[in-house]
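What follows is protein.cif (mmCIF, C-alpha atoms).
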data_structure
#
loop_
_atom_site.label_atom_id
_atom_site.label_comp_id
_atom_site.auth_asym_id
_atom_site.auth_seq_id
_atom_site.Cartn_x
_atom_site.Cartn_y
_atom_site.Cartn_z
CA MET A 10 -13.62 15.97 -37.49
CA ASP A 11 -13.51 19.18 -35.44
CA LEU A 12 -13.35 17.37 -32.10
CA LEU A 13 -10.24 15.42 -33.06
CA ASN A 14 -8.51 18.44 -34.58
CA THR A 15 -9.10 20.33 -31.34
CA LEU A 16 -7.80 17.46 -29.23
CA VAL A 17 -4.66 17.11 -31.34
CA GLU A 18 -3.92 20.82 -31.03
CA LYS A 19 -4.43 20.69 -27.27
CA GLY A 20 -2.29 17.56 -26.97
CA LEU A 21 0.60 19.17 -28.80
CA ARG A 22 0.38 22.10 -26.38
CA ARG A 23 -0.10 19.86 -23.30
CA GLU A 24 -3.41 21.59 -22.73
CA LEU A 25 -6.11 19.77 -20.75
CA PRO A 26 -9.20 18.87 -22.79
CA THR A 27 -12.62 19.59 -21.37
CA ARG A 28 -14.52 16.76 -19.74
CA GLU A 29 -17.07 17.01 -22.54
CA GLU A 30 -14.35 16.48 -25.12
CA ALA A 31 -12.98 13.46 -23.26
CA LEU A 32 -16.45 11.94 -23.00
CA ALA A 33 -17.01 12.60 -26.70
CA VAL A 34 -13.97 10.46 -27.56
CA LEU A 35 -15.51 7.51 -25.73
CA ALA A 36 -18.80 8.11 -27.55
CA THR A 37 -17.36 8.06 -31.08
CA SER A 38 -18.66 5.41 -33.46
CA ASP A 39 -16.81 2.44 -34.90
CA ASP A 40 -16.89 4.20 -38.27
CA GLU A 41 -14.77 6.95 -36.73
CA LEU A 42 -12.36 4.64 -34.94
CA LEU A 43 -9.42 4.89 -37.33
CA GLU A 44 -9.70 8.69 -37.26
CA VAL A 45 -9.57 8.59 -33.45
CA VAL A 46 -6.49 6.34 -33.48
CA ALA A 47 -4.77 8.53 -36.07
CA ALA A 48 -5.43 11.69 -34.05
CA ALA A 49 -4.13 10.14 -30.83
CA GLY A 50 -1.16 8.87 -32.81
CA LYS A 51 -0.17 12.42 -33.77
CA VAL A 52 0.04 13.35 -30.10
CA ARG A 53 1.93 10.16 -29.25
CA ARG A 54 4.52 10.76 -31.99
CA GLN A 55 5.01 14.39 -30.93
CA TRP A 56 6.21 13.34 -27.47
CA PHE A 57 7.54 9.79 -27.97
CA GLY A 58 8.24 9.28 -31.65
CA ARG A 59 7.87 5.66 -32.70
CA ARG A 60 9.59 4.23 -29.61
CA VAL A 61 8.01 1.46 -27.50
CA LYS A 62 9.25 0.98 -23.96
CA LEU A 63 9.32 -2.62 -22.72
CA ASN A 64 8.63 -3.48 -19.09
CA TYR A 65 9.21 -6.82 -17.36
CA LEU A 66 7.38 -8.03 -14.27
CA VAL A 67 8.93 -10.05 -11.46
CA ASN A 68 6.33 -11.41 -9.04
CA LEU A 69 8.17 -11.40 -5.70
CA LYS A 70 5.33 -12.80 -3.58
CA SER A 71 2.13 -14.33 -4.93
CA GLY A 72 -1.34 -14.83 -3.47
CA LEU A 73 -2.59 -14.88 0.14
CA CYS A 74 -3.45 -11.19 0.13
CA PRO A 75 -5.63 -9.83 2.98
CA GLU A 76 -7.23 -7.16 0.76
CA ASP A 77 -10.56 -7.74 -1.00
CA CYS A 78 -10.03 -6.04 -4.39
CA SER A 79 -12.83 -7.53 -6.52
CA TYR A 80 -10.80 -7.79 -9.73
CA CYS A 81 -7.82 -9.62 -8.25
CA SER A 82 -7.13 -13.35 -8.35
CA GLN A 83 -4.89 -12.95 -5.28
CA ARG A 84 -7.62 -11.31 -3.16
CA LEU A 85 -8.91 -12.44 0.19
CA GLY A 86 -11.24 -15.37 -0.43
CA SER A 87 -10.26 -15.82 -4.09
CA LYS A 88 -11.09 -19.22 -5.55
CA ALA A 89 -8.92 -18.65 -8.61
CA GLU A 90 -6.40 -21.42 -9.25
CA ILE A 91 -3.17 -19.51 -8.91
CA LEU A 92 0.18 -20.28 -7.38
CA LYS A 93 0.84 -19.01 -3.87
CA TYR A 94 4.38 -18.52 -2.62
CA THR A 95 6.32 -16.28 -0.28
CA TRP A 96 9.21 -13.93 -1.06
CA LEU A 97 11.71 -14.75 -3.77
CA LYS A 98 15.32 -14.42 -2.68
CA PRO A 99 17.27 -11.45 -4.13
CA ASP A 100 19.37 -13.70 -6.38
CA GLU A 101 16.24 -15.48 -7.69
CA ALA A 102 14.59 -12.16 -8.48
CA SER A 103 17.77 -10.91 -10.14
CA GLN A 104 17.92 -13.97 -12.37
CA ALA A 105 14.30 -13.45 -13.38
CA ALA A 106 14.97 -9.79 -14.12
CA ALA A 107 17.97 -10.67 -16.26
CA ALA A 108 15.76 -12.71 -18.57
CA GLY A 109 13.53 -9.70 -19.17
CA VAL A 110 16.44 -7.34 -19.73
CA ALA A 111 17.90 -9.81 -22.24
CA GLY A 112 14.60 -9.62 -24.11
CA GLY A 113 14.83 -5.83 -24.39
CA ALA A 114 13.06 -4.71 -21.22
CA LYS A 115 14.18 -1.33 -19.97
CA ARG A 116 12.28 -1.39 -16.68
CA VAL A 117 11.84 -4.21 -14.18
CA CYS A 118 8.71 -4.06 -12.01
CA LEU A 119 8.94 -5.78 -8.63
CA VAL A 120 5.49 -6.70 -7.35
CA ALA A 121 4.45 -8.27 -4.06
CA SER A 122 0.93 -9.13 -2.93
CA GLY A 123 -0.28 -7.75 0.38
CA ARG A 124 -1.75 -4.64 1.96
CA GLY A 125 1.65 -3.01 2.27
CA PRO A 126 5.25 -3.82 3.23
CA THR A 127 6.70 -4.09 6.70
CA ASP A 128 10.01 -2.38 7.33
CA ARG A 129 11.63 -5.81 7.04
CA ASP A 130 9.95 -6.27 3.64
CA VAL A 131 11.33 -2.92 2.48
CA GLU A 132 14.81 -4.01 3.56
CA ARG A 133 14.34 -7.28 1.66
CA VAL A 134 13.18 -5.48 -1.49
CA GLY A 135 16.04 -3.01 -1.14
CA LYS A 136 18.53 -5.88 -1.29
CA THR A 137 16.70 -7.26 -4.32
CA ILE A 138 16.94 -3.89 -6.09
CA GLU A 139 20.66 -3.74 -5.35
CA ALA A 140 21.16 -7.27 -6.71
CA ILE A 141 19.26 -6.49 -9.91
CA LYS A 142 21.19 -3.28 -10.55
CA GLU A 143 24.53 -4.95 -9.90
CA GLN A 144 23.77 -7.52 -12.61
CA ASN A 145 21.94 -5.25 -15.09
CA GLU A 146 23.63 -1.92 -15.63
CA GLY A 147 21.27 0.92 -16.47
CA VAL A 148 18.02 -0.96 -15.82
CA GLU A 149 15.16 0.97 -14.21
CA VAL A 150 13.44 -0.61 -11.20
CA CYS A 151 9.87 0.12 -10.18
CA ALA A 152 8.54 -1.26 -6.89
CA CYS A 153 4.88 -2.10 -6.29
CA LEU A 154 4.34 -3.26 -2.73
CA GLY A 155 1.01 -1.77 -1.73
CA LEU A 156 0.35 1.00 0.80
CA LEU A 157 3.49 2.71 2.10
CA SER A 158 4.18 3.90 5.64
CA ASP A 159 6.19 7.01 6.46
CA GLY A 160 9.83 6.74 5.45
CA GLN A 161 9.48 3.61 3.32
CA ALA A 162 9.52 5.42 -0.04
CA GLU A 163 12.73 7.17 0.98
CA ARG A 164 14.32 3.86 1.90
CA LEU A 165 13.35 2.33 -1.44
CA ARG A 166 14.84 5.29 -3.28
CA GLU A 167 18.07 5.03 -1.27
CA ALA A 168 18.24 1.36 -2.28
CA GLY A 169 18.10 2.35 -5.95
CA ALA A 170 14.39 2.26 -6.86
CA ASP A 171 13.52 4.63 -9.70
CA ALA A 172 9.74 4.50 -9.51
CA TYR A 173 6.81 3.32 -7.43
CA ASN A 174 3.53 1.96 -8.78
CA HIS A 175 0.21 2.32 -7.02
CA ASN A 176 -2.81 2.36 -9.33
CA LEU A 177 -5.96 4.38 -8.89
CA ASN A 178 -7.94 1.67 -10.67
CA THR A 179 -11.32 3.43 -10.81
CA SER A 180 -13.05 6.69 -9.94
CA GLU A 181 -13.28 7.88 -6.35
CA ALA A 182 -17.08 7.72 -6.57
CA THR A 183 -17.11 4.00 -7.36
CA TYR A 184 -14.00 2.90 -5.48
CA GLY A 185 -15.97 1.57 -2.54
CA ASP A 186 -17.83 -0.79 -4.88
CA ILE A 187 -14.56 -2.48 -5.82
CA THR A 188 -12.64 -2.58 -2.54
CA LYS A 189 -13.72 -2.37 1.11
CA THR A 190 -10.50 -3.07 3.00
CA HIS A 191 -8.79 0.21 2.10
CA THR A 192 -9.87 3.53 0.60
CA TYR A 193 -9.20 5.68 -2.40
CA ALA A 194 -7.60 8.18 -0.01
CA ASP A 195 -5.16 5.49 1.15
CA ARG A 196 -3.98 5.13 -2.41
CA VAL A 197 -3.63 8.87 -2.83
CA ASP A 198 -1.49 9.00 0.29
CA THR A 199 0.89 6.35 -1.00
CA VAL A 200 1.44 8.08 -4.34
CA GLN A 201 2.08 11.33 -2.52
CA LYS A 202 4.68 9.58 -0.36
CA ALA A 203 6.41 8.26 -3.51
CA HIS A 204 6.35 11.74 -5.07
CA ALA A 205 7.74 13.33 -1.93
CA ALA A 206 10.63 10.86 -1.87
CA GLY A 207 11.63 11.74 -5.43
CA LEU A 208 10.41 8.51 -7.00
CA SER A 209 8.74 8.59 -10.40
CA ALA A 210 5.02 7.99 -9.90
CA CYS A 211 3.43 5.17 -11.87
CA SER A 212 -0.35 5.08 -11.43
CA GLY A 213 -3.10 3.87 -13.72
CA LEU A 214 -6.53 2.31 -14.06
CA ILE A 215 -8.48 -0.84 -14.81
CA ALA A 216 -11.20 -0.60 -17.48
CA GLY A 217 -14.01 -3.08 -17.88
CA MET A 218 -15.22 -3.42 -14.28
CA GLY A 219 -18.71 -2.13 -15.10
CA GLU A 220 -17.77 1.53 -14.80
CA SER A 221 -19.46 4.34 -16.76
CA ASP A 222 -17.80 6.68 -19.25
CA GLU A 223 -17.96 9.35 -16.55
CA ASP A 224 -16.03 7.08 -14.17
CA LEU A 225 -13.31 6.53 -16.77
CA VAL A 226 -12.95 10.24 -17.39
CA ASP A 227 -12.90 10.93 -13.63
CA VAL A 228 -10.06 8.51 -12.96
CA VAL A 229 -7.97 9.75 -15.90
CA TYR A 230 -8.44 13.38 -14.87
CA ALA A 231 -7.39 12.38 -11.35
CA LEU A 232 -4.24 10.79 -12.77
CA ARG A 233 -3.49 13.96 -14.72
CA GLU A 234 -3.86 15.98 -11.51
CA LEU A 235 -1.68 13.46 -9.70
CA ASP A 236 0.96 14.11 -12.36
CA SER A 237 1.87 10.47 -12.80
CA ASP A 238 4.83 9.96 -15.15
CA SER A 239 3.46 6.60 -16.26
CA VAL A 240 -0.20 5.61 -16.68
CA PRO A 241 -0.77 1.86 -17.08
CA VAL A 242 -4.12 1.06 -18.68
CA ASN A 243 -5.36 -2.39 -17.69
CA PHE A 244 -8.30 -4.20 -19.23
CA LEU A 245 -10.03 -6.46 -16.72
CA ILE A 246 -9.49 -10.18 -17.09
CA PRO A 247 -12.53 -11.64 -15.33
CA PHE A 248 -10.97 -14.56 -13.48
CA GLU A 249 -13.16 -17.39 -12.33
CA GLY A 250 -13.27 -17.38 -8.55
CA THR A 251 -13.43 -13.57 -8.24
CA PRO A 252 -16.50 -11.31 -7.84
CA LEU A 253 -15.99 -9.82 -11.31
CA ALA A 254 -15.80 -13.16 -13.11
CA LYS A 255 -18.85 -12.33 -15.26
CA GLU A 256 -17.86 -8.77 -16.18
CA TRP A 257 -17.20 -9.01 -19.93
CA ASN A 258 -17.77 -5.41 -20.99
CA LEU A 259 -15.00 -4.64 -23.47
CA THR A 260 -14.49 -4.88 -27.20
CA PRO A 261 -11.29 -4.08 -29.13
CA GLN A 262 -12.92 -0.86 -30.35
CA ARG A 263 -13.86 0.19 -26.83
CA CYS A 264 -10.31 -0.46 -25.62
CA LEU A 265 -8.85 1.71 -28.39
CA ARG A 266 -11.21 4.56 -27.57
CA ILE A 267 -10.23 4.35 -23.89
CA LEU A 268 -6.53 4.44 -24.76
CA ALA A 269 -7.10 7.43 -27.05
CA MET A 270 -8.96 9.32 -24.32
CA VAL A 271 -6.07 8.66 -21.92
CA ARG A 272 -3.56 9.92 -24.48
CA PHE A 273 -5.51 13.14 -25.09
CA VAL A 274 -5.86 13.86 -21.36
CA CYS A 275 -2.26 12.83 -20.55
CA PRO A 276 -0.44 13.69 -23.79
CA ASP A 277 3.18 13.76 -22.58
CA VAL A 278 3.24 10.82 -20.14
CA GLU A 279 4.13 7.19 -20.66
CA VAL A 280 0.85 5.47 -21.54
CA ARG A 281 1.30 1.74 -21.02
CA ILE A 282 -0.92 -1.03 -22.34
CA ALA A 283 -0.97 -3.41 -19.41
CA GLY A 284 -3.01 -6.44 -18.36
CA GLY A 285 -5.70 -7.86 -20.60
CA ARG A 286 -4.54 -6.56 -23.96
CA GLU A 287 -4.33 -10.03 -25.48
CA VAL A 288 -7.84 -10.93 -24.32
CA HIS A 289 -9.59 -7.70 -25.25
CA LEU A 290 -7.59 -5.98 -28.02
CA ARG A 291 -6.75 -9.30 -29.68
CA SER A 292 -5.73 -8.83 -33.32
CA MET A 293 -6.02 -5.04 -32.96
CA GLN A 294 -3.07 -4.81 -30.57
CA PRO A 295 -0.80 -3.24 -33.23
CA LEU A 296 -3.26 -0.34 -33.61
CA ALA A 297 -2.91 0.35 -29.90
CA LEU A 298 0.82 0.99 -30.37
CA HIS A 299 -0.12 4.09 -32.33
CA ILE A 300 -1.59 5.47 -29.08
CA ALA A 301 0.45 3.96 -26.25
CA ASN A 302 4.24 4.04 -26.06
CA SER A 303 4.82 1.27 -23.53
CA ILE A 304 3.84 -2.36 -22.94
CA PHE A 305 4.58 -5.26 -20.63
CA LEU A 306 6.53 -7.94 -22.40
CA GLY A 307 5.15 -11.44 -22.14
CA ASP A 308 3.39 -12.70 -19.01
CA TYR A 309 1.52 -11.03 -16.15
CA LEU A 310 1.26 -11.79 -12.44
CA THR A 311 -1.00 -14.82 -12.48
CA SER A 312 -1.86 -15.23 -16.15
CA GLU A 313 0.08 -15.78 -19.34
CA GLY A 314 0.38 -13.06 -21.90
CA GLN A 315 1.39 -13.20 -25.51
CA ALA A 316 4.76 -14.85 -26.04
CA GLY A 317 7.59 -12.36 -25.70
CA GLN A 318 8.89 -12.98 -29.22
CA ALA A 319 5.41 -12.34 -30.60
CA ASP A 320 5.43 -8.96 -28.84
CA LEU A 321 8.78 -8.08 -30.38
CA ASP A 322 7.60 -9.17 -33.83
CA MET A 323 4.41 -7.13 -33.44
CA ILE A 324 6.39 -3.99 -32.59
CA ALA A 325 8.69 -4.41 -35.58
CA ASP A 326 5.92 -5.34 -38.01
CA ALA A 327 3.90 -2.27 -37.00
CA GLY A 328 6.83 -0.01 -37.83
CA PHE A 329 7.87 0.81 -34.27
CA GLU A 330 11.18 0.30 -32.48
CA VAL A 331 12.09 -0.92 -29.01
CA GLU A 332 13.33 1.93 -26.85
CA GLY A 333 16.99 1.49 -25.98
CA ALA A 334 18.46 1.66 -22.48
CA GLY A 335 20.31 4.85 -23.33
CA THR A 336 17.18 6.73 -24.37
CA THR A 337 15.20 8.85 -21.94
CA THR A 338 11.56 7.79 -22.06
CA LEU A 339 9.90 11.01 -20.92
CA PRO A 340 9.97 14.27 -22.90
CA LYS A 341 12.70 16.65 -21.75
CA HIS A 342 10.44 18.92 -19.70
CA ARG A 343 9.14 15.97 -17.67
CA ALA A 344 12.51 14.28 -17.37
CA ASP A 345 14.12 17.52 -16.15
CA ALA A 346 11.36 18.04 -13.57
CA LEU A 347 11.77 14.47 -12.31
CA ALA A 348 15.54 14.84 -12.06
CA ALA A 349 15.17 18.09 -10.14
CA ALA A 350 12.72 16.49 -7.73
CA GLY A 351 15.07 13.56 -7.19
CA ALA A 352 18.04 15.84 -6.58
CA ALA A 353 16.01 17.75 -4.00
CA GLY A 354 14.99 14.53 -2.29
CA GLY A 355 11.44 14.68 -3.55
CA CYS A 356 8.90 17.05 -4.99
CA GLY A 357 6.95 17.34 -1.78
CA SER A 358 3.77 17.84 -3.71
CA GLU A 359 0.45 17.21 -2.08
CA ALA A 360 -1.35 16.26 -5.23
CA SER A 361 -4.98 15.62 -4.48
CA ALA A 362 -5.52 13.12 -7.18
CA GLY A 363 -5.54 9.44 -6.71
CA CYS A 364 -3.21 6.59 -7.07
CA GLY A 365 -3.57 2.95 -6.85
CA SER A 366 -1.88 -0.07 -5.69
CA GLU A 367 -3.14 -2.85 -7.41
CA ALA A 368 -4.15 -2.84 -10.52
CA SER A 369 -2.64 -4.59 -12.61
CA ALA A 370 -0.73 -2.62 -14.52
CA GLY A 371 2.34 -1.13 -14.16
CA CYS A 372 3.21 -3.11 -11.49
CA GLY A 373 0.30 -3.45 -9.24
CA SER A 374 0.47 -4.62 -5.80
CA HIS A 375 -2.20 -7.08 -5.85
CA ALA A 376 -2.61 -6.24 -9.26
CA GLU A 377 -4.09 -8.91 -11.13
CA GLU A 378 -2.74 -8.22 -14.48
CA ALA A 379 -0.16 -5.93 -13.38
CA GLY A 380 2.87 -6.46 -15.28
CA GLY A 381 4.42 -8.62 -17.83
CA CYS A 382 7.44 -10.75 -18.15
CA GLY A 383 10.03 -11.17 -20.76
CA PRO A 384 10.23 -13.47 -23.73
CA CYS A 385 9.19 -16.72 -22.10
CA GLY A 386 8.11 -18.31 -25.35
CA GLY A 387 6.54 -21.69 -25.65
CA HIS A 388 3.07 -20.67 -24.52
CA ALA A 389 0.37 -23.16 -25.37
CA ALA A 390 -1.83 -22.00 -28.21
CA PRO A 391 -5.53 -21.70 -27.57
CA SER A 392 -7.61 -24.47 -29.04
CA ALA A 393 -9.56 -23.78 -32.18
CA ALA A 394 -12.68 -21.72 -31.55
CA PRO A 395 -15.68 -20.93 -33.73
CA VAL A 396 -15.72 -17.70 -35.70
CA ARG A 397 -16.86 -14.84 -33.48
CA THR A 398 -18.11 -11.33 -34.11
CA SER A 399 -15.96 -8.46 -32.87
CA ASP A 400 -18.13 -7.71 -29.85
CA GLU A 401 -18.16 -11.23 -28.42
CA ALA A 402 -16.03 -11.89 -25.35
CA ARG A 403 -13.25 -14.46 -25.65
CA THR A 404 -14.01 -16.19 -22.38
CA ASP A 405 -12.04 -19.22 -23.52
CA LEU A 406 -8.76 -17.31 -23.30
CA VAL A 407 -8.85 -16.93 -19.54
CA ALA A 408 -8.49 -20.64 -18.84
CA VAL A 409 -5.84 -20.99 -21.54
CA ARG A 410 -3.74 -18.15 -20.20
CA ARG A 411 -3.94 -18.69 -16.45
CA ARG A 412 -0.28 -18.72 -15.44
CA GLY A 413 1.20 -21.48 -13.31
CA ALA A 414 -2.02 -23.32 -12.47
CA GLY A 415 -1.20 -26.92 -11.62
CA THR A 416 2.54 -26.44 -12.07
CA ASP A 417 5.53 -25.94 -9.82
CA LEU A 418 6.66 -22.89 -11.77
CA ALA A 419 6.20 -19.42 -10.35
CA PRO A 420 4.62 -16.87 -12.70
CA ASN A 421 7.21 -15.43 -15.09
CA ALA A 422 9.76 -18.08 -14.20
#

Rendering of file as structure tokens:
Amino acid sequence: MDLLNTLVEKGLRRELPTREEALAVLATSDDELLEVVAAAGKVRRQWFGRRVKLNYLVNLKSGLCPEDCSYCSQRLGSKAEILKYTWLKPDEASQAAAAGVAGGAKRVCLVASGRGPTDRDVERVGKTIEAIKEQNEGVEVCACLGLLSDGQAERLREAGADAYNHNLNTSEATYGDITKTHTYADRVDTVQKAHAAGLSACSGLIAGMGESDEDLVDVVYALRELDSDSVPVNFLIPFEGTPLAKEWNLTPQRCLRILAMVRFVCPDVEVRIAGGREVHLRSMQPLALHIANSIFLGDYLTSEGQAGQADLDMIADAGFEVEGAGTTTLPKHRADALAAAGAAGGCGSEASAGCGSEASAGCGSHAEEAGGCGPCGGHAAPSAAPVRTSDEARTDLVAVRRRGAGTDLAPNA
């Protein structure tokens, strides 16, 4: 297939595909799906081999968010049955992080709901970062706290943060349809602040919110321009009690095509399968590992994921290996650039692309499905369901996997 051969060649050279080529990937047929996955896999292996980076989410503060992000169960006015609690203490967060590191997680993502942190919140998170790093030598810490004010990114970096997550979520053209309480430009500003402070930028998207192929390509091109080191790809979980509760627009095939498009446009960055993979990729999750090189292990912010041990088994059975703490995730040219920016106190770039805070992925500030936890195990199995065709939504999984509802346990405890 000429298109795929061209995209592989461009990916190996880190050359940007045309928009038409990116759109063509999303328009491929199911008969061509394995060819698309194989082509994206060649690019993935060139830059990341067969390594899979594991990330672990610690939900520092849950619910009661003043923002109105339509996809989020923690949003203003949400009727979703989630736990609501204020800040975890540094030692509590450190204990939670230790469980993820013990399960093989290389990065811990600290997420807090809210529009953005106060200076006191930044001080609190700084102490939490210090506690985690004291107990877990070599672990990476990514903070996801929402919109940053001047000087806050620098303070997080001084406290030991390695990265900051703020997701773009969707295209600039449709952003106002998803959120009214802040703007796409606000998100851009926060990612620029993280960049300027020398933090690794983690910024991604949410697919399945009713967006067009053009919107998906727009947001991924914006992330390429933003030069994010990590791109979490979230698949919307339509929670009851949120405005997007009826948006079931994804199939496993569609998800794989989206991941492949992201890999072709961002060939040498960490592409992370984030929230919603269990619901939408289902039994085709192992195929996605041929495209993405990073996942969240176990649970998400307010919903349960696949059991951590099942994730580890899936990685091994698919012929991949968990990335060790002593291995640098990014290719040398990106790792060297990040190190140089950090040594200089920040890159100071004014990238015009977008970022995002919530999303759910990487760590997302209000991010619904933002991150994942470590090997919690013991998740209740879904009840038996009738045989379904591949394009039918598994709406039953949402209720089964809602994390913490009706319990005294915080998500990822």

Mind telling me what the PyMOL selection byres ((chain A and resi 170) around 7) catches here, as a PDB file with C-alpha atoms, in the coordinates of the input?
ATOM      1  CA  ILE A 138      16.940  -3.890  -6.090  1.00  0.00           C
ATOM      2  CA  VAL A 150      13.440  -0.610 -11.200  1.00  0.00           C
ATOM      3  CA  CYS A 151       9.870   0.120 -10.180  1.00  0.00           C
ATOM      4  CA  ALA A 152       8.540  -1.260  -6.890  1.00  0.00           C
ATOM      5  CA  LEU A 165      13.350   2.330  -1.440  1.00  0.00           C
ATOM      6  CA  ARG A 166      14.840   5.290  -3.280  1.00  0.00           C
ATOM      7  CA  ALA A 168      18.240   1.360  -2.280  1.00  0.00           C
ATOM      8  CA  GLY A 169      18.100   2.350  -5.950  1.00  0.00           C
ATOM      9  CA  ASP A 171      13.520   4.630  -9.700  1.00  0.00           C
ATOM     10  CA  ALA A 172       9.740   4.500  -9.510  1.00  0.00           C
TER      11      ALA A 172
END

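Closest approach to Leu214 of chain A from the set A:Gly135, A:Gly328, A:Gly284, A:Gly155 is made by A:Gly284, with distances taken over all atoms listed in the file.
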
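Picked by the PyMOL selection byres ((chain A and resi 290-306) around 6) from the coordinates shown: Ala49, Gly50, Arg53, Val61, Lys62, Leu63, Asn64, Tyr65, Pro261, Val280, Arg281, Ile282, Ala283, Arg286, Glu287, Val288, His289, Gly307, Gly317, Gly380, Gly381, Cys382 and Gly383 of chain A.
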
Exercise. Near segment 13-30 of chain A, within 6 Å and counting all atoms listed in the file, which residues show up once chain neighbours fewer than 5 positions away are dropped, as JSON, numbers by chain?
Worked result: {"A": [52, 273, 274, 276]}

Pick from A:Ala47, A:Leu97, A:Met218, A:Ala319 nearest to Ser71 of chain A, counting all atoms listed in the file: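 For Ser71 of chain A, the nearest of the candidates is A:Leu97.
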
Next item on the list: Please provide as a list of chain:residue names all residues within 12 Å of segment 128-130 of chain A, with the sequence filter that same-chain residues fewer than 5 positions apart are discarded (counting only C-alpha atoms).
Entry: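 Residues meeting the cut-off are A:Leu69, A:Lys70, A:Thr95, A:Trp96, A:Leu97, A:Lys98, A:Pro99, A:Val120, A:Ala121, A:Ser122, A:Gly123, A:Gly135, A:Lys136, A:Thr137, A:Ala152, A:Cys153, A:Leu154, A:Gly155, A:Leu157, A:Ser158, A:Asp159, A:Gly160, A:Gln161, A:Ala162, A:Glu163, A:Arg164, A:Leu165.
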
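Between atom CA of Ser239 of chain A and atom CA of Ser209 of chain A there is a distance of 8.1 Å.
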
What residues come out when you apply the PyMOL selection byres ((chain A and resi 84) around 8) to this file, written as a PyMOL selection string? chain A and resi 72-79+81-83+85-87+375

Could you take the residues named above and write them with C-alpha atoms, as a compact mmCIF listing (two decimals), keeping the file's coordinate frame?
# COMPACT_ATOMS: atom_id res chain seq x y z
CA GLY A 72 -1.34 -14.83 -3.47
CA LEU A 73 -2.59 -14.88 0.14
CA CYS A 74 -3.45 -11.19 0.13
CA PRO A 75 -5.63 -9.83 2.98
CA GLU A 76 -7.23 -7.16 0.76
CA ASP A 77 -10.56 -7.74 -1.00
CA CYS A 78 -10.03 -6.04 -4.39
CA SER A 79 -12.83 -7.53 -6.52
CA CYS A 81 -7.82 -9.62 -8.25
CA SER A 82 -7.13 -13.35 -8.35
CA GLN A 83 -4.89 -12.95 -5.28
CA LEU A 85 -8.91 -12.44 0.19
CA GLY A 86 -11.24 -15.37 -0.43
CA SER A 87 -10.26 -15.82 -4.09
CA HIS A 375 -2.20 -7.08 -5.85

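Atom CA of Gly112 of chain A to atom CA of Ala140 of chain A spans 18.7 Å [interatomic distance, one decimal].
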
- Task: Could you please determine the separation between atom CA of Leu232 of chain A and atom CA of Leu177 of chain A in Å, to one decimal place?
- Result: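 These two atoms are separated by 7.7 Å.
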
Using only C-alpha atoms, the best pick from A:Ala106, A:Ala48, A:Val331, A:Leu42 as closest to Asn68 of chain A would be A:Ala106

If you count only C-alpha atoms, the residue of A:Ala107, A:Ala350, A:Leu156, A:Val226 closest to Pro126 of chain A turns out to be A:Leu156

Exercise for review: Tell me, as a PyMOL selection string, which residues lie within 9 Å of segment 236-238 of chain A, counting all atoms listed in the file; anything in the same chain fewer than 5 positions away does not count.
Suggested key: chain A and resi 200+209-213+231+275+277-280+339+343+347+360+362+364

Hey, which of A:Leu66, A:Glu220, A:Glu101, A:Glu149 ends up closest to Thr338 of chain A? Count only C-alpha atoms.
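For Thr338 of chain A, the nearest of the candidates is A:Glu149.
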
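Neighbouring residues of Leu225 of chain A at 10 Å or closer, counting only C-alpha atoms and skipping chain neighbours under 4 positions away, are A:Ala31, A:Leu32, A:Leu35, A:Asn178, A:Thr179, A:Ser180, A:Leu214, A:Ile215, A:Ala216, A:Gly217, A:Glu220, A:Ser221, A:Val229, A:Tyr230, A:Ala231, A:Ile267, A:Met270, A:Val271.
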
>> Using only C-alpha atoms, can you tell me which of A:Met10, A:Ser103, A:Glu132, A:His175 comes closest to Glu44 of chain A?
In response: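 For Glu44 of chain A, the nearest of the given residues is A:Met10.
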